[in-house]
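Participant: I'm passing along data.cif; it holds mmCIF, C-alpha atoms.
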```cif
data_input
loop_
_atom_site.label_atom_id
_atom_site.label_comp_id
_atom_site.auth_asym_id
_atom_site.auth_seq_id
_atom_site.Cartn_x
_atom_site.Cartn_y
_atom_site.Cartn_z
CA MET A 1 -20.51 -8.16 23.89
CA LYS A 2 -21.14 -10.69 26.66
CA TYR A 3 -24.83 -10.81 25.83
CA ILE A 4 -24.15 -11.23 22.12
CA TYR A 5 -21.91 -14.17 22.90
CA LEU A 6 -24.49 -15.76 25.21
CA GLY A 7 -27.12 -15.24 22.54
CA LEU A 8 -24.96 -17.22 20.10
CA ILE A 9 -24.73 -20.08 22.61
CA ILE A 10 -28.52 -20.14 23.00
CA PHE A 11 -28.93 -20.04 19.21
CA MET A 12 -26.59 -23.01 18.81
CA MET A 13 -28.26 -25.01 21.56
CA SER A 14 -31.67 -24.49 19.97
CA TYR A 15 -30.54 -26.39 16.91
CA GLY A 16 -30.23 -29.68 18.72
CA VAL A 17 -28.22 -32.47 17.11
CA LYS A 18 -26.63 -32.47 13.71
CA GLN A 19 -28.77 -33.85 10.95
CA ASN A 20 -27.80 -35.50 7.70
CA GLU A 21 -29.25 -32.94 5.27
CA ASN A 22 -26.37 -32.79 2.85
CA LEU A 23 -25.07 -29.91 0.81
CA GLN A 24 -23.66 -30.65 -2.62
CA ALA A 25 -20.24 -32.20 -2.14
CA GLY A 26 -17.19 -30.71 -3.82
CA GLU A 27 -15.87 -27.24 -4.55
CA TRP A 28 -17.70 -24.02 -3.63
CA GLN A 29 -17.00 -20.33 -4.25
CA ALA A 30 -17.83 -18.00 -1.34
CA LYS A 31 -18.22 -14.23 -1.22
CA LEU A 32 -18.26 -11.76 1.69
CA PHE A 33 -20.00 -8.58 0.59
CA ARG A 34 -18.67 -5.06 1.19
CA GLU A 35 -20.80 -1.99 0.60
CA ASP A 36 -18.12 -0.50 -1.69
CA GLY A 37 -18.41 -3.49 -4.04
CA ASN A 38 -14.91 -4.84 -3.38
CA HIS A 39 -16.14 -8.19 -2.16
CA ILE A 40 -13.86 -10.76 -0.53
CA ILE A 41 -13.89 -14.06 -2.40
CA PHE A 42 -12.57 -17.40 -1.14
CA ASN A 43 -13.10 -21.11 -1.76
CA PHE A 44 -14.07 -24.12 0.29
CA GLU A 45 -14.83 -27.78 -0.24
CA VAL A 46 -17.88 -29.53 1.20
CA ILE A 47 -17.41 -33.09 2.45
CA ASN A 48 -20.39 -35.22 3.48
CA SER A 49 -19.29 -37.99 5.83
CA GLY A 50 -22.05 -40.16 7.20
CA ASP A 51 -24.16 -38.02 9.51
CA SER A 52 -21.64 -35.18 9.61
CA LEU A 53 -20.77 -32.28 7.33
CA HIS A 54 -17.33 -30.70 6.95
CA TRP A 55 -15.87 -27.69 5.18
CA ILE A 56 -12.28 -27.37 4.00
CA ILE A 57 -11.49 -23.66 3.54
CA LYS A 58 -8.68 -23.25 1.00
CA ASN A 59 -6.13 -20.45 0.69
CA GLY A 60 -3.60 -21.87 -1.72
CA GLU A 61 -1.47 -24.30 0.30
CA GLU A 62 -3.48 -23.73 3.46
CA GLN A 63 -6.47 -25.93 4.23
CA ILE A 64 -8.62 -25.20 7.29
CA GLN A 65 -10.95 -28.01 8.35
CA VAL A 66 -14.25 -26.86 9.84
CA ASP A 67 -16.17 -29.59 11.69
CA ASP A 68 -18.57 -27.70 13.97
CA ILE A 69 -21.49 -27.45 11.53
CA THR A 70 -25.08 -27.76 12.72
CA ILE A 71 -28.08 -28.16 10.42
CA LYS A 72 -31.79 -27.80 11.14
CA GLY A 73 -34.05 -27.82 8.15
CA ASP A 74 -32.77 -25.18 5.75
CA SER A 75 -30.72 -23.38 8.42
CA ILE A 76 -27.02 -23.98 9.01
CA LEU A 77 -24.67 -22.71 11.72
CA VAL A 78 -20.94 -22.98 10.96
CA ALA A 79 -18.57 -22.21 13.85
CA MET A 80 -14.93 -21.59 12.93
CA PRO A 81 -12.50 -23.86 14.80
CA VAL A 82 -10.17 -21.28 16.40
CA PHE A 83 -11.53 -17.73 16.34
CA GLU A 84 -14.77 -16.25 17.70
CA SER A 85 -16.26 -16.36 14.25
CA TYR A 86 -19.28 -18.09 12.73
CA PHE A 87 -21.68 -18.24 9.77
CA LYS A 88 -25.46 -18.22 10.18
CA LEU A 89 -26.82 -19.45 6.84
CA VAL A 90 -29.88 -20.53 4.89
CA LYS A 91 -29.78 -23.22 2.21
CA LYS A 92 -31.26 -22.58 -1.22
CA GLY A 93 -31.51 -26.11 -2.51
CA ASN A 94 -28.33 -28.06 -1.90
CA ASN A 95 -26.05 -25.85 -4.03
CA GLN A 96 -26.49 -22.30 -2.67
CA LEU A 97 -26.03 -20.66 0.71
CA SER A 98 -26.73 -17.14 1.92
CA GLY A 99 -26.58 -15.43 5.28
CA ILE A 100 -24.22 -13.59 7.59
CA TRP A 101 -20.63 -14.04 8.76
CA THR A 102 -20.08 -12.71 12.28
CA LYS A 103 -16.68 -12.04 13.85
CA ALA A 104 -15.76 -10.81 17.33
CA ALA A 105 -13.83 -7.54 17.51
CA THR A 106 -12.61 -5.16 20.21
CA ALA A 107 -15.71 -2.95 19.94
CA GLY A 108 -18.28 -5.72 19.51
CA PHE A 109 -19.23 -8.10 16.73
CA ILE A 110 -18.86 -7.33 13.01
CA ASP A 111 -21.33 -8.77 10.47
CA MET A 112 -20.82 -9.23 6.74
CA PRO A 113 -23.37 -10.60 4.22
CA PHE A 114 -22.30 -13.93 2.73
CA GLU A 115 -23.20 -16.06 -0.28
CA ALA A 116 -21.75 -19.29 -1.63
CA LEU A 117 -22.34 -21.31 -4.79
CA ALA A 118 -21.44 -24.94 -5.43
CA GLY A 119 -19.67 -26.27 -8.46
CA THR A 120 -16.64 -24.04 -8.95
CA ALA A 121 -13.09 -23.97 -7.61
CA THR A 122 -12.47 -20.62 -9.32
CA ARG A 123 -11.58 -17.69 -7.09
CA PHE A 124 -11.15 -14.96 -9.71
CA GLU A 125 -11.96 -15.05 -13.42
CA THR A 126 -9.05 -14.42 -15.81
CA ASN A 127 -9.32 -13.06 -19.33
CA ASP A 128 -5.82 -12.00 -20.41
CA GLN A 129 -2.32 -13.42 -20.29
CA PRO A 130 -0.08 -11.83 -17.61
CA ILE A 131 2.04 -8.96 -18.88
CA ALA A 132 4.84 -9.92 -16.44
CA ASN A 133 5.93 -12.47 -13.88
CA ILE A 134 6.03 -10.78 -10.47
CA SER A 135 7.56 -13.63 -8.48
CA GLY A 136 10.08 -12.49 -5.89
CA LYS A 137 10.55 -9.99 -3.09
CA TRP A 138 8.95 -6.56 -3.15
CA GLU A 139 9.33 -3.45 -1.02
CA VAL A 140 5.78 -2.36 -0.22
CA THR A 141 4.28 0.83 1.17
CA PHE A 142 0.75 0.87 2.57
CA PHE A 143 -0.95 4.19 3.34
CA ARG A 144 -3.11 4.60 6.42
CA ALA A 145 -6.37 6.57 6.42
CA ASP A 146 -4.47 9.70 7.51
CA GLY A 147 -2.05 9.30 4.60
CA SER A 148 0.93 8.18 6.69
CA PRO A 149 2.99 5.34 5.21
CA ARG A 150 3.65 1.97 6.80
CA PRO A 151 6.27 -0.42 5.43
CA ALA A 152 5.89 -4.04 4.40
CA ILE A 153 7.54 -6.70 2.28
CA ALA A 154 5.69 -8.87 -0.24
CA GLU A 155 6.82 -12.34 -1.26
CA PHE A 156 5.05 -13.51 -4.44
CA VAL A 157 5.14 -16.79 -6.37
CA GLN A 158 3.55 -16.66 -9.82
CA GLN A 159 2.94 -19.76 -11.93
CA GLY A 160 1.27 -18.79 -15.18
CA LYS A 161 -1.87 -16.89 -14.14
CA THR A 162 -1.85 -18.26 -10.58
CA LEU A 163 -0.42 -16.08 -7.81
CA SER A 164 0.30 -16.88 -4.17
CA GLY A 165 2.33 -15.28 -1.39
CA THR A 166 1.92 -12.90 1.51
CA PHE A 167 2.69 -9.45 2.90
CA ILE A 168 5.06 -9.21 5.87
CA THR A 169 4.96 -6.27 8.28
CA PRO A 170 7.16 -5.43 11.30
CA THR A 171 4.64 -7.21 13.56
CA GLY A 172 3.81 -10.33 11.51
CA ASP A 173 2.41 -11.48 8.18
CA TYR A 174 -0.94 -11.65 6.37
CA ARG A 175 -0.68 -15.43 6.12
CA TYR A 176 -1.68 -17.35 2.98
CA LEU A 177 -2.88 -15.20 0.07
CA TYR A 178 -4.08 -16.76 -3.17
CA GLY A 179 -5.27 -15.36 -6.47
CA ILE A 180 -4.38 -14.50 -10.05
CA VAL A 181 -2.58 -12.20 -12.45
CA ASP A 182 -4.99 -11.15 -15.20
CA GLY A 183 -3.20 -9.07 -17.81
CA ASP A 184 -1.83 -6.18 -15.77
CA ARG A 185 -4.08 -6.77 -12.75
CA VAL A 186 -3.20 -8.47 -9.47
CA LYS A 187 -5.98 -10.03 -7.37
CA LEU A 188 -5.33 -11.84 -4.07
CA SER A 189 -7.56 -12.82 -1.17
CA THR A 190 -7.72 -14.89 1.99
CA PHE A 191 -10.20 -16.00 4.64
CA ASP A 192 -9.24 -17.91 7.80
CA GLY A 193 -12.02 -17.02 10.23
CA SER A 194 -10.31 -13.82 11.38
CA HIS A 195 -8.55 -12.39 8.34
CA ALA A 196 -10.91 -11.49 5.49
CA TYR A 197 -8.70 -9.69 2.97
CA TYR A 198 -8.75 -8.70 -0.69
CA PHE A 199 -5.82 -7.04 -2.50
CA ASN A 200 -5.73 -5.68 -6.02
CA ALA A 201 -3.22 -3.58 -7.96
CA THR A 202 -1.86 -2.67 -11.39
CA ILE A 203 1.38 -4.16 -12.73
CA ASN A 204 3.43 -1.55 -14.58
CA SER A 205 6.37 -3.89 -15.19
CA ASP A 206 8.11 -6.81 -13.50
CA THR A 207 9.66 -4.27 -11.09
CA SER A 208 6.78 -1.86 -10.42
CA ILE A 209 3.27 -2.25 -8.99
CA THR A 210 0.98 0.74 -8.37
CA ASN A 211 -2.66 1.68 -7.79
CA GLY A 212 -3.01 -1.03 -5.16
CA HIS A 213 -5.87 -1.31 -2.69
CA TYR A 214 -6.04 -3.47 0.43
CA TYR A 215 -9.58 -4.26 1.60
CA SER A 216 -9.96 -5.70 5.09
CA GLY A 217 -13.23 -6.86 6.62
CA ALA A 218 -16.41 -4.86 6.08
CA THR A 219 -15.07 -1.33 5.65
CA SER A 220 -11.29 -0.92 5.96
CA ILE A 221 -9.27 0.14 2.91
CA GLU A 222 -5.63 1.16 2.40
CA PRO A 223 -3.84 2.12 -0.83
CA TRP A 224 -0.50 0.43 -1.54
CA LYS A 225 2.35 0.32 -4.04
CA ALA A 226 5.48 -1.79 -4.46
CA VAL A 227 8.87 -1.93 -6.16
CA LYS A 228 10.93 -5.05 -6.73
CA ASN A 229 13.76 -5.19 -4.20
CA ASP A 230 15.54 -8.43 -3.30
CA LYS A 231 17.28 -6.64 -0.41
CA ALA A 232 14.19 -5.06 1.16
CA THR A 233 14.17 -4.95 4.98
CA LEU A 234 11.73 -3.84 7.68
CA PRO A 235 12.29 -1.40 10.54
CA ASP A 236 12.16 -2.80 14.07
CA VAL A 237 9.23 -0.62 15.14
CA ALA A 238 7.63 -3.35 17.28
CA ALA A 239 10.65 -3.93 19.51
CA MET A 240 10.07 -4.45 23.23
CA PHE A 241 12.72 -4.28 25.96
CA LEU A 242 13.31 -4.75 29.64
CA LYS A 243 13.14 -1.48 31.54
CA GLU A 244 16.36 -0.14 33.02
CA GLY A 245 17.30 -2.00 36.18
CA GLU A 246 15.05 -5.01 35.40
CA GLU A 247 16.27 -8.47 34.44
CA ARG A 248 13.42 -10.83 35.38
CA LEU A 249 9.68 -11.13 34.84
CA ASP A 250 7.35 -11.51 37.80
CA PHE A 251 3.77 -12.58 37.09
CA ILE A 252 1.02 -14.83 38.41
CA PHE A 253 -2.21 -15.54 36.50
CA PRO A 254 -4.90 -18.27 36.42
CA ASP A 255 -4.79 -21.05 33.85
CA LEU A 256 -7.84 -22.32 31.97
CA ASN A 257 -8.85 -24.45 34.98
CA GLY A 258 -8.63 -21.55 37.42
CA ASN A 259 -5.34 -22.69 38.98
CA THR A 260 -2.78 -19.91 39.54
CA VAL A 261 0.54 -20.22 37.77
CA SER A 262 3.59 -18.05 38.52
CA ILE A 263 6.80 -17.68 36.58
CA ASN A 264 8.45 -18.35 39.94
CA ASP A 265 6.89 -21.82 40.30
CA ASN A 266 9.18 -24.83 40.66
CA ARG A 267 8.25 -26.18 37.22
CA PHE A 268 10.13 -23.26 35.63
CA LYS A 269 13.24 -23.28 37.85
CA ASN A 270 16.52 -24.21 36.15
CA LYS A 271 14.66 -24.46 32.83
CA VAL A 272 14.77 -22.47 29.63
CA VAL A 273 11.34 -20.82 29.52
CA ILE A 274 9.51 -19.38 26.53
CA VAL A 275 6.84 -16.82 27.44
CA GLN A 276 4.32 -16.42 24.62
CA ILE A 277 2.39 -13.13 24.57
CA MET A 278 -0.71 -13.88 22.53
CA GLY A 279 -4.43 -13.57 21.98
CA SER A 280 -6.96 -16.03 20.57
CA TRP A 281 -8.17 -13.32 18.15
CA CYS A 282 -4.76 -13.13 16.46
CA PRO A 283 -4.05 -15.23 13.31
CA ASN A 284 -0.26 -14.92 13.69
CA CYS A 285 -0.70 -16.17 17.27
CA MET A 286 -2.47 -19.19 15.81
CA ASP A 287 0.57 -19.96 13.65
CA GLU A 288 2.95 -19.45 16.57
CA THR A 289 0.82 -21.63 18.86
CA ALA A 290 0.90 -24.44 16.29
CA PHE A 291 4.69 -24.16 16.14
CA LEU A 292 5.27 -23.84 19.90
CA SER A 293 2.91 -26.69 20.76
CA GLU A 294 4.74 -29.11 18.48
CA TYR A 295 8.14 -27.83 19.62
CA TYR A 296 7.21 -28.25 23.29
CA ARG A 297 5.99 -31.83 22.83
CA LYS A 298 9.29 -32.75 21.19
CA ASN A 299 11.65 -30.81 23.49
CA LYS A 300 10.16 -30.56 26.99
CA GLU A 301 12.34 -33.42 28.22
CA ARG A 302 15.41 -31.33 27.37
CA GLY A 303 14.54 -28.82 30.08
CA VAL A 304 12.33 -26.46 28.07
CA GLU A 305 9.08 -24.94 29.33
CA VAL A 306 6.51 -22.74 27.60
CA VAL A 307 3.82 -20.54 29.14
CA ALA A 308 1.28 -18.42 27.22
CA LEU A 309 -0.13 -15.12 28.47
CA ALA A 310 -3.47 -14.36 26.79
CA TYR A 311 -4.82 -10.85 26.21
CA GLU A 312 -8.39 -11.30 25.03
CA TYR A 313 -11.36 -9.22 23.87
CA TYR A 314 -13.11 -10.04 27.17
CA GLU A 315 -12.21 -9.39 30.79
CA ASP A 316 -14.75 -12.03 31.81
CA PRO A 317 -12.67 -15.18 32.58
CA VAL A 318 -15.41 -17.50 31.30
CA LEU A 319 -15.67 -15.83 27.90
CA ALA A 320 -11.90 -15.32 27.62
CA GLY A 321 -11.30 -18.91 28.68
CA ASN A 322 -13.70 -20.25 26.06
CA SER A 323 -11.80 -18.38 23.36
CA VAL A 324 -8.34 -19.56 24.45
CA ARG A 325 -9.58 -23.10 24.96
CA LYS A 326 -10.20 -23.31 21.20
CA PHE A 327 -6.47 -22.82 20.66
CA GLN A 328 -5.65 -25.36 23.35
CA LYS A 329 -7.89 -27.98 21.76
CA ARG A 330 -7.04 -27.26 18.13
CA PHE A 331 -3.27 -27.51 18.61
CA ASN A 332 -3.17 -29.99 21.50
CA VAL A 333 -1.38 -27.41 23.67
CA GLN A 334 0.21 -29.10 26.70
CA TYR A 335 1.86 -26.05 28.23
CA PRO A 336 -0.12 -23.68 30.52
CA MET A 337 -2.18 -20.96 28.85
CA LEU A 338 -2.89 -18.17 31.34
CA LEU A 339 -5.60 -15.51 31.33
CA THR A 340 -4.16 -12.10 32.14
CA GLY A 341 -7.62 -10.64 32.77
CA VAL A 342 -6.59 -7.57 30.77
CA THR A 343 -8.04 -6.89 27.34
CA VAL A 344 -5.90 -6.35 24.28
CA SER A 345 -7.48 -2.90 23.85
CA ASP A 346 -6.41 -1.75 27.33
CA THR A 347 -3.79 0.97 26.82
CA LEU A 348 -2.22 -0.01 30.17
CA ARG A 349 -2.07 -3.73 29.38
CA THR A 350 1.73 -3.88 29.79
CA GLU A 351 1.81 -1.86 33.02
CA LYS A 352 -0.95 -4.04 34.53
CA THR A 353 0.60 -7.38 33.61
CA LEU A 354 4.31 -7.13 32.80
CA PRO A 355 5.53 -3.82 34.29
CA GLN A 356 9.15 -4.89 33.88
CA LEU A 357 8.84 -4.35 30.11
CA THR A 358 8.37 -1.46 27.74
CA LYS A 359 5.03 -1.47 25.93
CA ILE A 360 3.80 -4.61 24.16
CA LYS A 361 3.46 -3.51 20.54
CA SER A 362 3.09 -6.82 18.74
CA PHE A 363 0.97 -9.93 19.09
CA PRO A 364 2.49 -12.40 19.30
CA SER A 365 5.74 -11.57 21.03
CA THR A 366 8.11 -14.15 22.47
CA ILE A 367 10.30 -13.80 25.56
CA PHE A 368 13.18 -16.22 26.16
CA ILE A 369 14.22 -16.75 29.80
CA ASP A 370 17.48 -18.49 30.70
CA LYS A 371 18.01 -21.17 33.35
CA GLN A 372 18.87 -18.50 35.93
CA GLY A 373 15.44 -16.92 35.43
CA LYS A 374 16.74 -13.86 33.57
CA VAL A 375 15.30 -12.51 30.34
CA ALA A 376 17.78 -13.42 27.61
CA LYS A 377 15.98 -12.31 24.43
CA ILE A 378 12.71 -10.75 23.25
CA HIS A 379 11.34 -11.31 19.75
CA ALA A 380 8.38 -9.25 18.49
CA GLY A 381 6.03 -10.68 15.86
CA PHE A 382 5.96 -14.06 14.13
CA GLU A 383 6.51 -14.88 10.47
CA GLY A 384 4.43 -17.99 9.88
CA PRO A 385 4.37 -20.77 7.29
CA GLY A 386 2.72 -18.49 4.73
CA THR A 387 6.06 -16.63 4.42
CA GLY A 388 7.92 -19.69 3.11
CA SER A 389 11.69 -19.30 3.51
CA ARG A 390 11.31 -16.61 6.18
CA TYR A 391 9.39 -19.10 8.34
CA GLU A 392 12.14 -21.68 7.92
CA LEU A 393 14.73 -19.08 8.95
CA LEU A 394 12.67 -18.10 11.99
CA LYS A 395 12.49 -21.73 13.12
CA LYS A 396 16.25 -22.15 12.77
CA GLU A 397 16.93 -18.97 14.76
CA PHE A 398 14.43 -20.05 17.43
CA GLU A 399 16.05 -23.46 17.81
CA ALA A 400 19.54 -21.94 17.87
CA THR A 401 18.48 -19.59 20.68
CA ILE A 402 17.07 -22.45 22.77
CA ASP A 403 20.12 -24.65 22.15
CA LYS A 404 22.45 -21.84 23.26
CA LEU A 405 20.46 -21.19 26.44
CA LEU A 406 20.32 -24.90 27.31
CA LYS A 407 24.12 -25.10 27.17
CA LYS A 408 24.62 -22.26 29.66
#
```
Is it possible to express this structure as structure tokens?

Facilitator:
Amino acid sequence: MKYIYLGLIIFMMSYGVKQNENLQAGEWQAKLFREDGNHIIFNFEVINSGDSLHWIIKNGEEQIQVDDITIKGDSILVAMPVFESYFKLVKKGNNQLSGIWTKAATAGFIDMPFEALAGTATRFETNDQPIANISGKWEVTFFRADGSPRPAIAEFVQQGKTLSGTFITPTGDYRYLYGIVDGDRVKLSTFDGSHAYYFNATINSDTSITNGHYYSGATSIEPWKAVKNDKATLPDVAAMFLKEGEERLDFIFPDLNGNTVSINDNRFKNKVVIVQIMGSWCPNCMDETAFLSEYYRKNKERGVEVVALAYEYYEDPVLAGNSVRKFQKRFNVQYPMLLTGVTVSDTLRTEKTLPQLTKIKSFPSTIFIDKQGKVAKIHAGFEGPGTGSRYELLKKEFEATIDKLLKK
């Protein structure tokens, strides 16, 4: 994987400076191709600004600005702003693109064929009027490859033929999904540089959805079904706890500049400390980092500190640091982000880094430490802005926890 990454750097450097060879401005429809024909469709806008080119990737309410775009002749390299993810493309005139999307993964890099066409903001074609309005809360069951069920909750908002919402699992959410209801068919998709998802299903009534399929990336597929249930809840399968006899964390890791930082340093004494367990490969971690960074800037003078512990795809501190530094830059993170040196795929990641805890099951997870240095609360997962009211509730509970700890 190291050599693949270095090859990408060399490829980018060979392009030289950005050139003003404009694509057609305006709306584009993009498609990531799967061998089974269930392609993942999303939309973006092209903006030509002087000598620079920008994309705005759109998932309903979400807009992701992509600025690192390099052009040489008919070739274009588009690097996503947060994740280890990029497009290597060829122009066909100024209104078509084709090439490959490449994304880092635990076992190497994954490639998917890509095409895009200018001139349309349409994601999915619609032919028929919806047979029902499926807005609301749904109890969902996904089925793994071995047939075992896994629970989720869906929150949908339907306006005419337009559908938005997300799926929420015990460890997080699938962020912003956008699509349509066409007769009795549901179609939703998203692309954010890491997530590349397509969902479809059949609506039986305004309380029953069946024959669903969830397509993720190049090959993954899971069936799903749902029933309307305003009181649906999720099991706490991602919970993490202090081991018996433990009450404090004890760690020391390097930051992105190579300086060692310990939870026992003076900067954390007599403060309320938030320990963020995260990885730069994790979209929910992106949402949490955006939230924590803003919260820290506004509240650090109250006696609040934050420290992130990163579990990356790479053990190499240079490669891992480059990945985390994207988060730091994108969200103007002013708290220390530390490299654990242990990969997310390491089955002993908890024992090697935070042996005081039971196994880390969810990225992100958040640990609240009181002013006496004791662990006061552990929260697994993060329900981001794509979940709407659930995100607002999470923020209120987070702030209430901090306020309570500050008063002690």

Participant: Interatomic distance between CA of Phe44 in chain A and CA of Pro113 in chain A?

Facilitator: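 Taking CA of Phe44 in chain A as the start and CA of Pro113 in chain A as the end point, the length is 16.9 Å.
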
Participant: Between A:Lys225, A:Lys243, A:Arg302, A:Arg144, which is the closest to Lys359 in chain A once you count only C-alpha atoms?

Facilitator: A:Lys243

Participant: Any idea what the distance is between CA of Trp101 in chain A and CA of Ser189 in chain A?

Facilitator: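 CA of Trp101 in chain A sits 16.5 Å away from CA of Ser189 in chain A.
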
Participant: To verify the selection step, state as JSON, numbers by chain which residues the PyMOL selection byres ((chain A and resi 281) around 8) yields on this input.

Facilitator: {"A": [83, 84, 194, 279, 280, 282, 283, 312, 313]}

Participant: Which residues would end up in the selection if the PyMOL selection byres ((chain A and resi 64) around 12) were applied here, given that I need the answer as number ranges by chain?

Facilitator: A: 43-46, 54-63, 65-67, 80-82, 176, 190-193, 330

Participant: Distance CA of Thr120 in chain A-CA of Gln96 in chain A, one decimal place?

Facilitator: 11.8 Å

Participant: As a check of understanding, name the residues that the PyMOL selection byres ((chain A and resi 262) around 8) selects in the supplied structure, as number ranges by chain.

Facilitator: A: 250-253, 260-261, 263-265

Participant: Write out as a list in words the residues lying within 9 Å of Ala118 in chain A, counting only C-alpha atoms and excluding same-chain residues fewer than 4 positions away.

Facilitator: Leu23, Gln24, Ala25, Gly26, Glu27, Trp28, Gln29, Ala30, Glu45, Val46, Asn94, Asn95, Gln96 and Leu97 of chain A

Participant: At a cut-off of 10 Å, using all atoms listed in the file, what residues contact Lys271 in chain A? Leave out same-chain residues fewer than 5 positions from it and give the result as a list of chain:residue names.

Facilitator: A:Asn266, A:Lys300, A:Arg302, A:Gly303, A:Val304, A:Glu305, A:Val306, A:Ile369, A:Asp370, A:Lys371, A:Gln372, A:Gly373, A:Leu405, A:Leu406

Participant: Can you pull out every residue within 9 Å of range 316-320 of chain A, counting all atoms listed in the file, but drop anything in the same chain fewer than 5 positions away, and send it as a ChimeraX atom specification?

Facilitator: /A:2,5,256,258,280,310-311,325,339,341

Participant: Using all atoms listed in the file for the distances, tell me which of A:Ser216, A:Asn322, A:Thr126, A:Thr162 is nearest to Ala196 in chain A.

Facilitator: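 The shortest atom-to-atom distance to Ala196 in chain A comes from A:Ser216.
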
Participant: Once you count all atoms listed in the file, which residues end up no further than 10 Å from (13.4, -2.5, 10.7) in the file's frame, shown as number ranges by chain?

Facilitator: A: 151-152, 169-170, 232-239

Participant: Go ahead and fit an axis-aligned box to every listed atom of range 205-221 of chain A plus 6 Å each side, and pass me the centre and edge lengths in Å, one decimal, as AutoDock Vina command-line options.

Facilitator:
```
--center_x -3.4 --center_y -2.6 --center_z -4.3 --size_x 38.1 --size_y 20.5 --size_z 33.8
```

Participant: Quick one: residues within 8 Å of Thr366 in chain A, all atoms listed in the file, excluding same-chain residues fewer than 6 positions away - as a ChimeraX atom specification?

Facilitator: /A:274-277,378-381

Participant: Using only C-alpha atoms, which protein or nucleic acid residues come within 12 Å of Phe398 in chain A? Drop anything in the same chain fewer than 5 positions from it, and give the result as a list in words.

Facilitator: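 Contacts, in chain order: Ile274, Glu288, Phe291, Leu292, Tyr295, Thr366, Ile367, Phe368, Lys377, Ile378, His379, Phe382, Glu383, Tyr391, Glu392, Leu393, Asp403, Lys404 and Leu405 of chain A.
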
Participant: Using all atoms listed in the file for the distances, tell me which of A:Asp230, A:Asp182, A:Glu315, A:Asp146 is nearest to Asn133 in chain A.

Facilitator: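 Distance minimum relative to Asn133 in chain A lands on A:Asp182.
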
Participant: Smallest atom-to-atom distance to Met286 in chain A: which of A:Ser164, A:Gln328, A:Thr70, A:Ser85, using all atoms listed in the file?

Facilitator: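 Selected residue with least distance to Met286 in chain A: A:Gln328.
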
Participant: I'd like to know which of A:Thr141, A:Gln129, A:Asn204, A:Ser135 is closest to Phe156 in chain A, using only C-alpha atoms.

Facilitator: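 Checking each candidate against Phe156 in chain A, we get A:Ser135 as the closest.
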